[in-house]
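The data block below is run.pdb; it holds PDB, C-alpha atoms.
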```pdb
ATOM      1  CA  MET N   1     -90.396  14.206 -56.874  1.00  0.00           C
ATOM      2  CA  ALA N   2     -89.405  13.354 -53.333  1.00  0.00           C
ATOM      3  CA  ILE N   3     -89.313  16.158 -50.796  1.00  0.00           C
ATOM      4  CA  GLU N   4     -86.263  16.295 -48.546  1.00  0.00           C
ATOM      5  CA  VAL N   5     -86.854  17.747 -45.095  1.00  0.00           C
ATOM      6  CA  GLU N   6     -84.550  18.718 -42.238  1.00  0.00           C
ATOM      7  CA  VAL N   7     -85.185  16.732 -39.048  1.00  0.00           C
ATOM      8  CA  ARG N   8     -83.662  17.830 -35.737  1.00  0.00           C
ATOM      9  CA  LEU N   9     -83.029  15.078 -33.222  1.00  0.00           C
ATOM     10  CA  PRO N  10     -82.750  15.371 -29.422  1.00  0.00           C
ATOM     11  CA  THR N  11     -79.506  14.381 -27.702  1.00  0.00           C
ATOM     12  CA  VAL N  12     -80.941  11.090 -26.506  1.00  0.00           C
ATOM     13  CA  LEU N  13     -81.762   9.908 -30.069  1.00  0.00           C
ATOM     14  CA  ARG N  14     -78.565  11.061 -31.768  1.00  0.00           C
ATOM     15  CA  GLN N  15     -76.710   7.939 -30.688  1.00  0.00           C
ATOM     16  CA  HIS N  16     -79.134   5.968 -32.885  1.00  0.00           C
ATOM     17  CA  ALA N  17     -78.450   8.215 -35.901  1.00  0.00           C
ATOM     18  CA  GLY N  18     -74.671   8.179 -36.111  1.00  0.00           C
ATOM     19  CA  GLY N  19     -74.357  10.984 -33.560  1.00  0.00           C
ATOM     20  CA  GLN N  20     -75.959  13.542 -35.863  1.00  0.00           C
ATOM     21  CA  ALA N  21     -78.065  16.387 -34.455  1.00  0.00           C
ATOM     22  CA  THR N  22     -79.719  17.118 -37.797  1.00  0.00           C
ATOM     23  CA  VAL N  23     -80.543  14.609 -40.513  1.00  0.00           C
ATOM     24  CA  MET N  24     -82.348  14.834 -43.836  1.00  0.00           C
ATOM     25  CA  ALA N  25     -85.313  12.610 -44.623  1.00  0.00           C
ATOM     26  CA  ASN N  26     -87.715  12.220 -47.542  1.00  0.00           C
ATOM     27  CA  GLY N  27     -91.470  12.335 -47.297  1.00  0.00           C
ATOM     28  CA  GLU N  28     -94.529  14.471 -47.762  1.00  0.00           C
ATOM     29  CA  THR N  29     -96.019  13.724 -44.337  1.00  0.00           C
ATOM     30  CA  VAL N  30     -94.574  13.314 -40.848  1.00  0.00           C
ATOM     31  CA  GLY N  31     -95.397   9.597 -41.063  1.00  0.00           C
ATOM     32  CA  ALA N  32     -93.527   9.182 -44.362  1.00  0.00           C
ATOM     33  CA  ILE N  33     -90.543  11.046 -42.914  1.00  0.00           C
ATOM     34  CA  PHE N  34     -90.539   8.729 -39.910  1.00  0.00           C
ATOM     35  CA  GLU N  35     -90.603   5.719 -42.261  1.00  0.00           C
ATOM     36  CA  ASP N  36     -87.584   7.123 -44.101  1.00  0.00           C
ATOM     37  CA  LEU N  37     -85.770   7.815 -40.821  1.00  0.00           C
ATOM     38  CA  LEU N  38     -86.345   4.210 -39.753  1.00  0.00           C
ATOM     39  CA  ARG N  39     -85.014   3.002 -43.106  1.00  0.00           C
ATOM     40  CA  GLN N  40     -81.885   5.120 -42.736  1.00  0.00           C
ATOM     41  CA  PHE N  41     -81.406   4.522 -39.017  1.00  0.00           C
ATOM     42  CA  PRO N  42     -82.893   1.162 -37.997  1.00  0.00           C
ATOM     43  CA  LEU N  43     -81.688   1.745 -34.413  1.00  0.00           C
ATOM     44  CA  LEU N  44     -84.443   4.368 -34.074  1.00  0.00           C
ATOM     45  CA  LYS N  45     -86.991   1.547 -34.144  1.00  0.00           C
ATOM     46  CA  GLY N  46     -89.154   1.715 -31.039  1.00  0.00           C
ATOM     47  CA  GLN N  47     -88.136   5.331 -30.367  1.00  0.00           C
ATOM     48  CA  LEU N  48     -90.421   7.183 -32.779  1.00  0.00           C
ATOM     49  CA  LEU N  49     -93.591   5.109 -32.875  1.00  0.00           C
ATOM     50  CA  GLY N  50     -95.493   3.367 -30.114  1.00  0.00           C
ATOM     51  CA  ASP N  51     -96.804  -0.206 -30.308  1.00  0.00           C
ATOM     52  CA  ASP N  52    -100.057   1.092 -31.787  1.00  0.00           C
ATOM     53  CA  GLY N  53     -98.203   2.787 -34.663  1.00  0.00           C
ATOM     54  CA  SER N  54     -98.906   6.336 -33.458  1.00  0.00           C
ATOM     55  CA  ILE N  55     -96.289   8.883 -32.355  1.00  0.00           C
ATOM     56  CA  HIS N  56     -94.469   7.504 -29.301  1.00  0.00           C
ATOM     57  CA  LYS N  57     -95.764   9.047 -26.088  1.00  0.00           C
ATOM     58  CA  PHE N  58     -92.193   9.699 -24.907  1.00  0.00           C
ATOM     59  CA  ILE N  59     -91.490  12.185 -27.725  1.00  0.00           C
ATOM     60  CA  ASN N  60     -92.982  15.438 -28.978  1.00  0.00           C
ATOM     61  CA  VAL N  61     -92.830  16.193 -32.689  1.00  0.00           C
ATOM     62  CA  TYR N  62     -93.039  19.671 -34.130  1.00  0.00           C
ATOM     63  CA  LYS N  63     -93.489  21.051 -37.610  1.00  0.00           C
ATOM     64  CA  ASN N  64     -91.728  24.407 -37.339  1.00  0.00           C
ATOM     65  CA  ASP N  65     -93.424  25.986 -34.268  1.00  0.00           C
ATOM     66  CA  ASP N  66     -96.393  23.631 -33.999  1.00  0.00           C
ATOM     67  CA  ASP N  67     -96.868  20.409 -32.059  1.00  0.00           C
ATOM     68  CA  VAL N  68     -98.068  17.951 -34.723  1.00  0.00           C
ATOM     69  CA  ARG N  69    -100.420  16.323 -32.196  1.00  0.00           C
ATOM     70  CA  TYR N  70    -102.569  19.409 -32.697  1.00  0.00           C
ATOM     71  CA  LEU N  71    -102.184  19.296 -36.485  1.00  0.00           C
ATOM     72  CA  ASP N  72    -102.801  15.975 -38.241  1.00  0.00           C
ATOM     73  CA  LYS N  73    -100.308  13.885 -36.250  1.00  0.00           C
ATOM     74  CA  LEU N  74     -98.527  11.432 -38.596  1.00  0.00           C
ATOM     75  CA  ASP N  75    -100.661  12.645 -41.513  1.00  0.00           C
ATOM     76  CA  THR N  76     -99.437  16.234 -41.108  1.00  0.00           C
ATOM     77  CA  PRO N  77     -98.251  17.402 -44.537  1.00  0.00           C
ATOM     78  CA  VAL N  78     -94.651  18.602 -44.786  1.00  0.00           C
ATOM     79  CA  GLY N  79     -92.977  20.786 -47.406  1.00  0.00           C
ATOM     80  CA  ALA N  80     -89.328  21.278 -48.299  1.00  0.00           C
ATOM     81  CA  ASP N  81     -89.114  24.521 -46.311  1.00  0.00           C
ATOM     82  CA  ASP N  82     -90.434  22.954 -43.101  1.00  0.00           C
ATOM     83  CA  VAL N  83     -88.256  21.791 -40.252  1.00  0.00           C
ATOM     84  CA  ILE N  84     -89.310  18.818 -38.161  1.00  0.00           C
ATOM     85  CA  SER N  85     -88.043  18.843 -34.577  1.00  0.00           C
ATOM     86  CA  ILE N  86     -88.217  15.952 -32.134  1.00  0.00           C
ATOM     87  CA  LEU N  87     -87.815  16.507 -28.396  1.00  0.00           C
ATOM     88  CA  PRO N  88     -88.324  14.174 -25.457  1.00  0.00           C
ATOM     89  CA  ALA N  89     -91.662  14.474 -23.654  1.00  0.00           C
ATOM     90  CA  VAL N  90     -90.651  15.575 -20.165  1.00  0.00           C
ATOM     91  CA  ALA N  91     -93.001  14.488 -17.410  1.00  0.00           C
ATOM     92  CA  GLY N  92     -93.098  12.857 -14.027  1.00  0.00           C
ATOM     93  CA  GLY N  93     -94.743  12.974 -10.653  1.00  0.00           C
TER
ATOM     94  CA  MET L   1     -67.563  13.135 -11.471  1.00  0.00           C
ATOM     95  CA  LEU L   2     -71.268  13.751 -11.347  1.00  0.00           C
ATOM     96  CA  VAL L   3     -72.158  17.223 -10.111  1.00  0.00           C
ATOM     97  CA  LEU L   4     -74.640  20.021 -10.734  1.00  0.00           C
ATOM     98  CA  ARG L   5     -73.339  23.574 -10.363  1.00  0.00           C
ATOM     99  CA  LEU L   6     -75.718  26.445  -9.681  1.00  0.00           C
ATOM    100  CA  THR L   7     -75.029  30.118  -9.140  1.00  0.00           C
ATOM    101  CA  ASP L   8     -76.962  32.017  -6.483  1.00  0.00           C
ATOM    102  CA  ALA L   9     -79.104  33.470  -9.290  1.00  0.00           C
ATOM    103  CA  THR L  10     -79.998  30.165 -10.926  1.00  0.00           C
ATOM    104  CA  TYR L  11     -80.592  28.485  -7.539  1.00  0.00           C
ATOM    105  CA  VAL L  12     -82.948  31.270  -6.486  1.00  0.00           C
ATOM    106  CA  ALA L  13     -84.692  31.276  -9.887  1.00  0.00           C
ATOM    107  CA  ILE L  14     -85.523  27.582  -9.559  1.00  0.00           C
ATOM    108  CA  VAL L  15     -86.693  27.712  -5.938  1.00  0.00           C
ATOM    109  CA  ALA L  16     -88.690  30.928  -6.490  1.00  0.00           C
ATOM    110  CA  HIS L  17     -90.501  29.318  -9.424  1.00  0.00           C
ATOM    111  CA  THR L  18     -91.490  26.280  -7.367  1.00  0.00           C
ATOM    112  CA  LEU L  19     -92.865  28.565  -4.612  1.00  0.00           C
ATOM    113  CA  ASP L  20     -94.736  30.714  -7.147  1.00  0.00           C
ATOM    114  CA  GLU L  21     -96.586  27.685  -8.491  1.00  0.00           C
ATOM    115  CA  LEU L  22     -97.853  26.363  -5.167  1.00  0.00           C
ATOM    116  CA  PRO L  23    -100.129  24.505  -4.595  1.00  0.00           C
ATOM    117  CA  LEU L  24     -99.280  22.992  -7.999  1.00  0.00           C
ATOM    118  CA  GLU L  25     -96.074  21.272  -9.015  1.00  0.00           C
ATOM    119  CA  ALA L  26     -93.731  23.547 -10.943  1.00  0.00           C
ATOM    120  CA  CYS L  27     -91.451  22.376 -13.755  1.00  0.00           C
ATOM    121  CA  GLY L  28     -88.749  23.884 -15.890  1.00  0.00           C
ATOM    122  CA  LEU L  29     -85.590  23.206 -17.840  1.00  0.00           C
ATOM    123  CA  VAL L  30     -81.976  24.113 -17.181  1.00  0.00           C
ATOM    124  CA  ALA L  31     -79.283  24.833 -19.770  1.00  0.00           C
ATOM    125  CA  ALA L  32     -75.486  24.729 -19.585  1.00  0.00           C
ATOM    126  CA  VAL L  33     -72.511  25.140 -21.862  1.00  0.00           C
ATOM    127  CA  PRO L  34     -72.050  21.700 -23.477  1.00  0.00           C
ATOM    128  CA  GLY L  35     -69.569  19.617 -21.522  1.00  0.00           C
ATOM    129  CA  THR L  36     -69.965  21.608 -18.311  1.00  0.00           C
ATOM    130  CA  ASP L  37     -72.412  20.986 -15.497  1.00  0.00           C
ATOM    131  CA  LYS L  38     -72.915  24.638 -14.586  1.00  0.00           C
ATOM    132  CA  VAL L  39     -76.408  25.937 -15.165  1.00  0.00           C
ATOM    133  CA  GLU L  40     -76.328  29.172 -17.155  1.00  0.00           C
ATOM    134  CA  ARG L  41     -80.023  29.626 -17.679  1.00  0.00           C
ATOM    135  CA  VAL L  42     -83.284  28.520 -16.102  1.00  0.00           C
ATOM    136  CA  TYR L  43     -86.401  28.170 -18.256  1.00  0.00           C
ATOM    137  CA  ARG L  44     -89.709  28.270 -16.430  1.00  0.00           C
ATOM    138  CA  CYS L  45     -92.173  26.024 -18.230  1.00  0.00           C
ATOM    139  CA  ARG L  46     -95.902  25.597 -17.842  1.00  0.00           C
ATOM    140  CA  ASN L  47     -97.038  22.407 -16.165  1.00  0.00           C
ATOM    141  CA  VAL L  48     -99.628  21.070 -18.601  1.00  0.00           C
ATOM    142  CA  ALA L  49    -100.808  18.586 -15.966  1.00  0.00           C
ATOM    143  CA  GLN L  50    -101.796  21.477 -13.638  1.00  0.00           C
ATOM    144  CA  SER L  51    -101.508  19.103 -10.702  1.00  0.00           C
ATOM    145  CA  SER L  52     -99.988  19.012  -7.248  1.00  0.00           C
ATOM    146  CA  ARG L  53     -98.876  15.401  -7.875  1.00  0.00           C
ATOM    147  CA  LEU L  54     -97.789  15.294 -11.532  1.00  0.00           C
ATOM    148  CA  TYR L  55     -96.015  17.467 -14.024  1.00  0.00           C
ATOM    149  CA  GLU L  56     -95.688  17.578 -17.789  1.00  0.00           C
ATOM    150  CA  VAL L  57     -93.465  20.228 -19.361  1.00  0.00           C
ATOM    151  CA  ASP L  58     -95.499  22.172 -21.938  1.00  0.00           C
ATOM    152  CA  PRO L  59     -94.154  20.890 -25.288  1.00  0.00           C
ATOM    153  CA  LEU L  60     -94.126  24.361 -26.860  1.00  0.00           C
ATOM    154  CA  ASP L  61     -92.285  25.830 -23.859  1.00  0.00           C
ATOM    155  CA  HIS L  62     -89.728  23.047 -24.302  1.00  0.00           C
ATOM    156  CA  LEU L  63     -89.290  23.866 -27.992  1.00  0.00           C
ATOM    157  CA  LYS L  64     -88.867  27.587 -27.220  1.00  0.00           C
ATOM    158  CA  ALA L  65     -86.345  26.868 -24.468  1.00  0.00           C
ATOM    159  CA  ASP L  66     -84.416  24.501 -26.736  1.00  0.00           C
ATOM    160  CA  ARG L  67     -84.201  27.103 -29.506  1.00  0.00           C
ATOM    161  CA  ASP L  68     -83.285  29.935 -27.137  1.00  0.00           C
ATOM    162  CA  ALA L  69     -80.540  27.810 -25.585  1.00  0.00           C
ATOM    163  CA  GLU L  70     -79.167  26.887 -28.999  1.00  0.00           C
ATOM    164  CA  ALA L  71     -79.061  30.560 -30.026  1.00  0.00           C
ATOM    165  CA  ARG L  72     -77.008  31.276 -26.893  1.00  0.00           C
ATOM    166  CA  GLY L  73     -74.567  28.422 -27.500  1.00  0.00           C
ATOM    167  CA  ILE L  74     -75.849  26.422 -24.547  1.00  0.00           C
ATOM    168  CA  GLU L  75     -78.038  23.331 -24.396  1.00  0.00           C
ATOM    169  CA  ILE L  76     -80.798  21.896 -22.239  1.00  0.00           C
ATOM    170  CA  VAL L  77     -79.110  19.544 -19.773  1.00  0.00           C
ATOM    171  CA  GLY L  78     -81.849  18.819 -17.298  1.00  0.00           C
ATOM    172  CA  VAL L  79     -85.260  19.362 -15.796  1.00  0.00           C
ATOM    173  CA  TYR L  80     -86.430  20.508 -12.385  1.00  0.00           C
ATOM    174  CA  HIS L  81     -89.760  20.000 -10.710  1.00  0.00           C
ATOM    175  CA  SER L  82     -91.215  20.341  -7.255  1.00  0.00           C
ATOM    176  CA  HIS L  83     -92.624  17.769  -4.899  1.00  0.00           C
ATOM    177  CA  THR L  84     -95.226  19.634  -2.902  1.00  0.00           C
ATOM    178  CA  HIS L  85     -95.906  16.887  -0.341  1.00  0.00           C
ATOM    179  CA  THR L  86     -93.003  14.465  -0.519  1.00  0.00           C
ATOM    180  CA  GLN L  87     -89.238  14.414  -0.136  1.00  0.00           C
ATOM    181  CA  ALA L  88     -86.707  15.554  -2.745  1.00  0.00           C
ATOM    182  CA  TYR L  89     -86.234  12.117  -4.278  1.00  0.00           C
ATOM    183  CA  PRO L  90     -87.371  10.904  -7.723  1.00  0.00           C
ATOM    184  CA  SER L  91     -90.750   9.150  -7.617  1.00  0.00           C
ATOM    185  CA  PRO L  92     -91.347   5.892  -9.534  1.00  0.00           C
ATOM    186  CA  THR L  93     -93.151   8.021 -12.152  1.00  0.00           C
ATOM    187  CA  ASP L  94     -90.111  10.288 -12.455  1.00  0.00           C
ATOM    188  CA  VAL L  95     -87.870   7.275 -13.033  1.00  0.00           C
ATOM    189  CA  SER L  96     -90.120   5.528 -15.548  1.00  0.00           C
ATOM    190  CA  GLN L  97     -90.498   8.708 -17.608  1.00  0.00           C
ATOM    191  CA  ALA L  98     -86.912  10.020 -17.389  1.00  0.00           C
ATOM    192  CA  PRO L  99     -86.073  10.710 -21.029  1.00  0.00           C
ATOM    193  CA  ASP L 100     -82.310  11.203 -21.082  1.00  0.00           C
ATOM    194  CA  PRO L 101     -79.576   9.419 -19.107  1.00  0.00           C
ATOM    195  CA  SER L 102     -77.230  12.393 -19.550  1.00  0.00           C
ATOM    196  CA  TRP L 103     -79.683  14.859 -17.951  1.00  0.00           C
ATOM    197  CA  HIS L 104     -79.708  16.271 -14.440  1.00  0.00           C
ATOM    198  CA  TYR L 105     -83.003  15.580 -12.649  1.00  0.00           C
ATOM    199  CA  VAL L 106     -83.490  18.281 -10.042  1.00  0.00           C
ATOM    200  CA  VAL L 107     -86.200  17.766  -7.438  1.00  0.00           C
ATOM    201  CA  ILE L 108     -87.251  20.474  -4.987  1.00  0.00           C
ATOM    202  CA  SER L 109     -89.212  19.385  -1.938  1.00  0.00           C
ATOM    203  CA  LEU L 110     -91.617  21.924  -0.478  1.00  0.00           C
ATOM    204  CA  LYS L 111     -92.880  19.514   2.161  1.00  0.00           C
ATOM    205  CA  ASP L 112     -91.147  21.423   4.970  1.00  0.00           C
ATOM    206  CA  PRO L 113     -90.949  25.193   5.544  1.00  0.00           C
ATOM    207  CA  GLU L 114     -87.399  25.285   4.094  1.00  0.00           C
ATOM    208  CA  PRO L 115     -87.223  24.140   0.421  1.00  0.00           C
ATOM    209  CA  VAL L 116     -84.809  21.260  -0.215  1.00  0.00           C
ATOM    210  CA  LEU L 117     -83.130  21.006  -3.659  1.00  0.00           C
ATOM    211  CA  ARG L 118     -81.360  17.843  -4.755  1.00  0.00           C
ATOM    212  CA  SER L 119     -80.083  16.580  -8.107  1.00  0.00           C
ATOM    213  CA  TYR L 120     -79.944  13.075  -9.589  1.00  0.00           C
ATOM    214  CA  ARG L 121     -78.974  11.112 -12.668  1.00  0.00           C
ATOM    215  CA  ILE L 122     -81.404   8.449 -13.796  1.00  0.00           C
ATOM    216  CA  VAL L 123     -79.880   5.757 -16.015  1.00  0.00           C
ATOM    217  CA  ASP L 124     -81.823   2.634 -17.018  1.00  0.00           C
ATOM    218  CA  GLY L 125     -84.145   3.070 -14.046  1.00  0.00           C
ATOM    219  CA  SER L 126     -81.376   3.428 -11.498  1.00  0.00           C
ATOM    220  CA  ILE L 127     -81.107   6.636  -9.460  1.00  0.00           C
ATOM    221  CA  THR L 128     -77.783   8.239  -8.444  1.00  0.00           C
ATOM    222  CA  GLU L 129     -77.733  11.408  -6.378  1.00  0.00           C
ATOM    223  CA  GLU L 130     -75.108  13.972  -7.387  1.00  0.00           C
ATOM    224  CA  PRO L 131     -73.819  16.857  -5.273  1.00  0.00           C
ATOM    225  CA  VAL L 132     -75.155  20.355  -5.910  1.00  0.00           C
ATOM    226  CA  GLU L 133     -72.407  22.989  -5.753  1.00  0.00           C
ATOM    227  CA  LEU L 134     -73.156  26.669  -5.346  1.00  0.00           C
ATOM    228  CA  VAL L 135     -70.590  28.564  -7.402  1.00  0.00           C
ATOM    229  CA  GLU L 136     -69.641  32.163  -8.104  1.00  0.00           C
ATOM    230  CA  ARG L 137     -70.642  33.617 -11.425  1.00  0.00           C
TER
END
```
As structure tokens, what does this structure read like?
Amino acid sequence: MAIEVEVRLPTVLRQHAGGQATVMANGETVGAIFEDLLRQFPLLKGQLLGDDGSIHKFINVYKNDDDVRYLDKLDTPVGADDVISILPAVAGG
Amino acid sequence: MLVLRLTDATYVAIVAHTLDELPLEACGLVAAVPGTDKVERVYRCRNVAQSSRLYEVDPLDHLKADRDAEARGIEIVGVYHSHTHTQAYPSPTDVSQAPDPSWHYVVISLKDPEPVLRSYRIVDGSITEEPVELVER
């Protein structure tokens, strides 16, 4: 059975998801959830994944309180009670 | 009209943080009531880059700030960082990595004895300075 997970989007990505701050997506890993998000919201293409297929360097992705880069990145398992949050990576010089 | 409004307290909080972090660049986030441009809260963040030339807001500090702001009914509307050796103007790196066209990009120059704070919008790589107003609480 598919697992439905809450995904929280940053302001800058909401315009690509019908203006919604929170969306639901199906998948048992972060990568599968991203695939479902891209199916639902094709305008997110290029915003979530980099050219090499890994998490885009301009975003940070969290499972609950953890940065998934320090878990298993796109392979991080996700359960129905988890919340995935996406925020912009904020950096400069 | 583009503007950034700071109270004495939020102005001092930002500048004090940048001085505390010397010789490294400091960075943090600012939050406002949605639809206003008046900073209600300043979130000091760790600079993961630990550099005097670069900054990277600690991702977990960002998440905590975002959640705290949401709980208070405000939202993150911008980022500040210091330039320890250069003027208060966005660097090419700042422009190429600016994540959100609706954000305020506050730059504090510590090049001279007196700190200089300026605010900008960065949209599609183009920089527009906005006035900084000091307001009463």
How close does chain N get to chain L? List, as a tab-separated table, each residue of chain N within 6 Å, its nearest atom pair and the distance in Å to one decimal, counting all atoms listed in the file.
```
residue	atom	partner	partner_atom	distance
N:Val12	CA	L:Asp100	CA	5.6
N:Val90	CA	L:Val57	CA	5.5
N:Ala91	CA	L:Glu56	CA	4.1
N:Gly92	CA	L:Asp94	CA	4.2
N:Gly93	CA	L:Leu54	CA	3.9
```
Selection file, C-alpha atoms, as a PDB file, keeping the file's coordinate frame:
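Final file, again_19.pdb:
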```pdb
ATOM      1  CA  VAL N  12     -80.941  11.090 -26.506  1.00  0.00           C
ATOM      2  CA  VAL N  90     -90.651  15.575 -20.165  1.00  0.00           C
ATOM      3  CA  ALA N  91     -93.001  14.488 -17.410  1.00  0.00           C
ATOM      4  CA  GLY N  92     -93.098  12.857 -14.027  1.00  0.00           C
ATOM      5  CA  GLY N  93     -94.743  12.974 -10.653  1.00  0.00           C
TER       6      GLY N  93
END
```
**OP:** Name every residue that the PyMOL selection byres ((chain N and resi 29-40) around 8) selects in this structure, writing the answer as a VMD selection string with chains first and numbers rising.
**Re:** chain N and resid 5 25 to 28 41 to 45 48 73 to 78
Subject >> Atom-to-atom span, atom CA of Val132 of chain L and atom CA of Thr11 of chain N, Å >> reply: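 Interatomic distance, atom CA of Val132 of chain L to atom CA of Thr11 of chain N: 23.0 Å.
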Original post:
For the atom pair atom CA of Val12 of chain L and atom CA of Pro115 of chain L, what is the interatomic distance in Å to one decimal place?
Top reply: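 Separation between atom CA of Val12 of chain L and atom CA of Pro115 of chain L: 10.8 Å.
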Original post:
What is the atom CA of Leu134 of chain L-atom CA of Thr86 of chain L distance in Å, reported with one decimal?
Top reply: 23.8 Å
Subject >> Resolved residues for the PyMOL selection byres ((chain L and resi 34-43) around 7) as a PyMOL selection string >> reply: chain L and resi 3-6+10+13-14+28-33+44-45+65+74-75
**OP:** May I ask which of the residues L:Ala9, L:Arg46, L:Ala16, L:Gln87 is the closest one to Lys111 of chain L, counting only C-alpha atoms?
**Re:**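 That would be L:Gln87, the residue with the smallest distance to Lys111 of chain L.
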**OP:** Return the single residue from N:Val7, N:Leu49, N:Ala2, N:Leu13 that is closest to Val83 of chain N, with distances computed using all atoms listed in the file.
**Re:**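 Distance minimum relative to Val83 of chain N lands on N:Val7.
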Grab all the atoms of segment 56-59 of chain N that the file lists, wrap them in a box along x, y and z, add 5 Å per side, and give me centre plus edge lengths in Å (one decimal) as lines of an AutoDock Vina configuration file.
```
center_x = -93.6
center_y = 9.8
center_z = -27.1
size_x = 14.3
size_y = 14.7
size_z = 14.4
```
**OP:** Pick out the residues sitting within 12 Å of Glu114 of chain L, and hand them over as a PyMOL selection string; count only C-alpha atoms, and ignore anything fewer than 3 positions along from it in its own chain.
**Re:** chain L and resi 15+19+84+87-88+108-111+117
Requested write-out: C-alpha atoms of the selected residues, as a short mmCIF file (atom, residue, chain, number, x, y, z; two decimals), keeping the file's coordinate frame:
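Output saved as again_23.cif:
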```
data_model
loop_
_atom_site.label_atom_id
_atom_site.label_comp_id
_atom_site.auth_asym_id
_atom_site.auth_seq_id
_atom_site.Cartn_x
_atom_site.Cartn_y
_atom_site.Cartn_z
CA VAL L 15 -86.69 27.71 -5.94
CA LEU L 19 -92.86 28.56 -4.61
CA THR L 84 -95.23 19.63 -2.90
CA GLN L 87 -89.24 14.41 -0.14
CA ALA L 88 -86.71 15.55 -2.74
CA ILE L 108 -87.25 20.47 -4.99
CA SER L 109 -89.21 19.39 -1.94
CA LEU L 110 -91.62 21.92 -0.48
CA LYS L 111 -92.88 19.51 2.16
CA LEU L 117 -83.13 21.01 -3.66
#
```
Original post:
Of the residues N:Val23, N:Asn60, N:Ala17, N:Glu6, which is the one nearest to Asp82 of chain N, using all atoms listed in the file?
Top reply: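 Using all atoms listed in the file, Asp82 of chain N sits closest to N:Glu6.
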**OP:** Around the point (-79.7, 18.1, -36.4) in the file's coordinates, collect all residues with an atom within 6 Å, using only C-alpha atoms, and return them as a PyMOL selection string.
**Re:** chain N and resi 8-9+20-23
Original post:
Could you write out as a list in words the residues that the PyMOL selection byres ((chain L and resi 137) around 7) matches in the shown file?
Top reply: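 On the file shown, the PyMOL selection byres ((chain L and resi 137) around 7) covers Thr7, Val135 and Glu136 of chain L.
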**OP:** Up to 7 Å from (-78.0, 13.6, -13.5) in the file's coordinates: name the residues, counting only C-alpha atoms, as a VMD selection string.
**Re:** chain L and resid 102 to 105 119 to 122 130
Output of segment 112-123 of chain L limited to N, CA, C and O atoms, as an mmCIF file, in the first residue's frame:
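Dumped everything to decode_22.cif:
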```
data_model
loop_
_atom_site.group_PDB
_atom_site.id
_atom_site.type_symbol
_atom_site.label_atom_id
_atom_site.label_comp_id
_atom_site.auth_asym_id
_atom_site.auth_seq_id
_atom_site.Cartn_x
_atom_site.Cartn_y
_atom_site.Cartn_z
ATOM 1 N N ASP L 112 34.974 49.372 7.364
ATOM 2 C CA ASP L 112 35.368 50.614 8.040
ATOM 3 C C ASP L 112 34.985 50.528 9.519
ATOM 4 O O ASP L 112 34.200 49.666 9.915
ATOM 5 N N PRO L 113 35.506 51.436 10.346
ATOM 6 C CA PRO L 113 35.202 51.372 11.779
ATOM 7 C C PRO L 113 33.692 51.389 12.071
ATOM 8 O O PRO L 113 33.222 50.713 12.977
ATOM 9 N N GLU L 114 32.921 52.133 11.290
ATOM 10 C CA GLU L 114 31.471 52.213 11.501
ATOM 11 C C GLU L 114 30.776 51.181 10.602
ATOM 12 O O GLU L 114 30.905 51.247 9.372
ATOM 13 N N PRO L 115 30.024 50.219 11.162
ATOM 14 C CA PRO L 115 29.326 49.248 10.298
ATOM 15 C C PRO L 115 28.320 49.942 9.368
ATOM 16 O O PRO L 115 27.679 50.921 9.771
ATOM 17 N N VAL L 116 28.202 49.423 8.161
ATOM 18 C CA VAL L 116 27.249 49.971 7.185
ATOM 19 C C VAL L 116 26.280 48.862 6.805
ATOM 20 O O VAL L 116 26.702 47.796 6.354
ATOM 21 N N LEU L 117 24.959 49.103 7.019
ATOM 22 C CA LEU L 117 23.931 48.094 6.723
ATOM 23 C C LEU L 117 23.089 48.569 5.549
ATOM 24 O O LEU L 117 22.562 49.684 5.567
ATOM 25 N N ARG L 118 22.989 47.739 4.542
ATOM 26 C CA ARG L 118 22.140 48.058 3.387
ATOM 27 C C ARG L 118 21.300 46.830 3.030
ATOM 28 O O ARG L 118 21.650 45.700 3.371
ATOM 29 N N SER L 119 20.187 47.081 2.320
ATOM 30 C CA SER L 119 19.291 45.980 1.961
ATOM 31 C C SER L 119 18.982 46.010 0.469
ATOM 32 O O SER L 119 18.884 47.089 -0.136
ATOM 33 N N TYR L 120 18.831 44.819 -0.104
ATOM 34 C CA TYR L 120 18.640 44.682 -1.558
ATOM 35 C C TYR L 120 17.570 43.636 -1.840
ATOM 36 O O TYR L 120 17.291 42.768 -1.027
ATOM 37 N N ARG L 121 17.016 43.729 -3.062
ATOM 38 C CA ARG L 121 16.260 42.620 -3.647
ATOM 39 C C ARG L 121 17.111 42.101 -4.795
ATOM 40 O O ARG L 121 17.755 42.891 -5.492
ATOM 41 N N ILE L 122 17.078 40.796 -4.977
ATOM 42 C CA ILE L 122 17.831 40.186 -6.070
ATOM 43 C C ILE L 122 16.865 39.332 -6.876
ATOM 44 O O ILE L 122 16.377 38.305 -6.403
ATOM 45 N N VAL L 123 16.545 39.790 -8.088
ATOM 46 C CA VAL L 123 15.556 39.112 -8.928
ATOM 47 C C VAL L 123 16.209 38.781 -10.268
ATOM 48 O O VAL L 123 16.660 39.695 -10.983
#
```
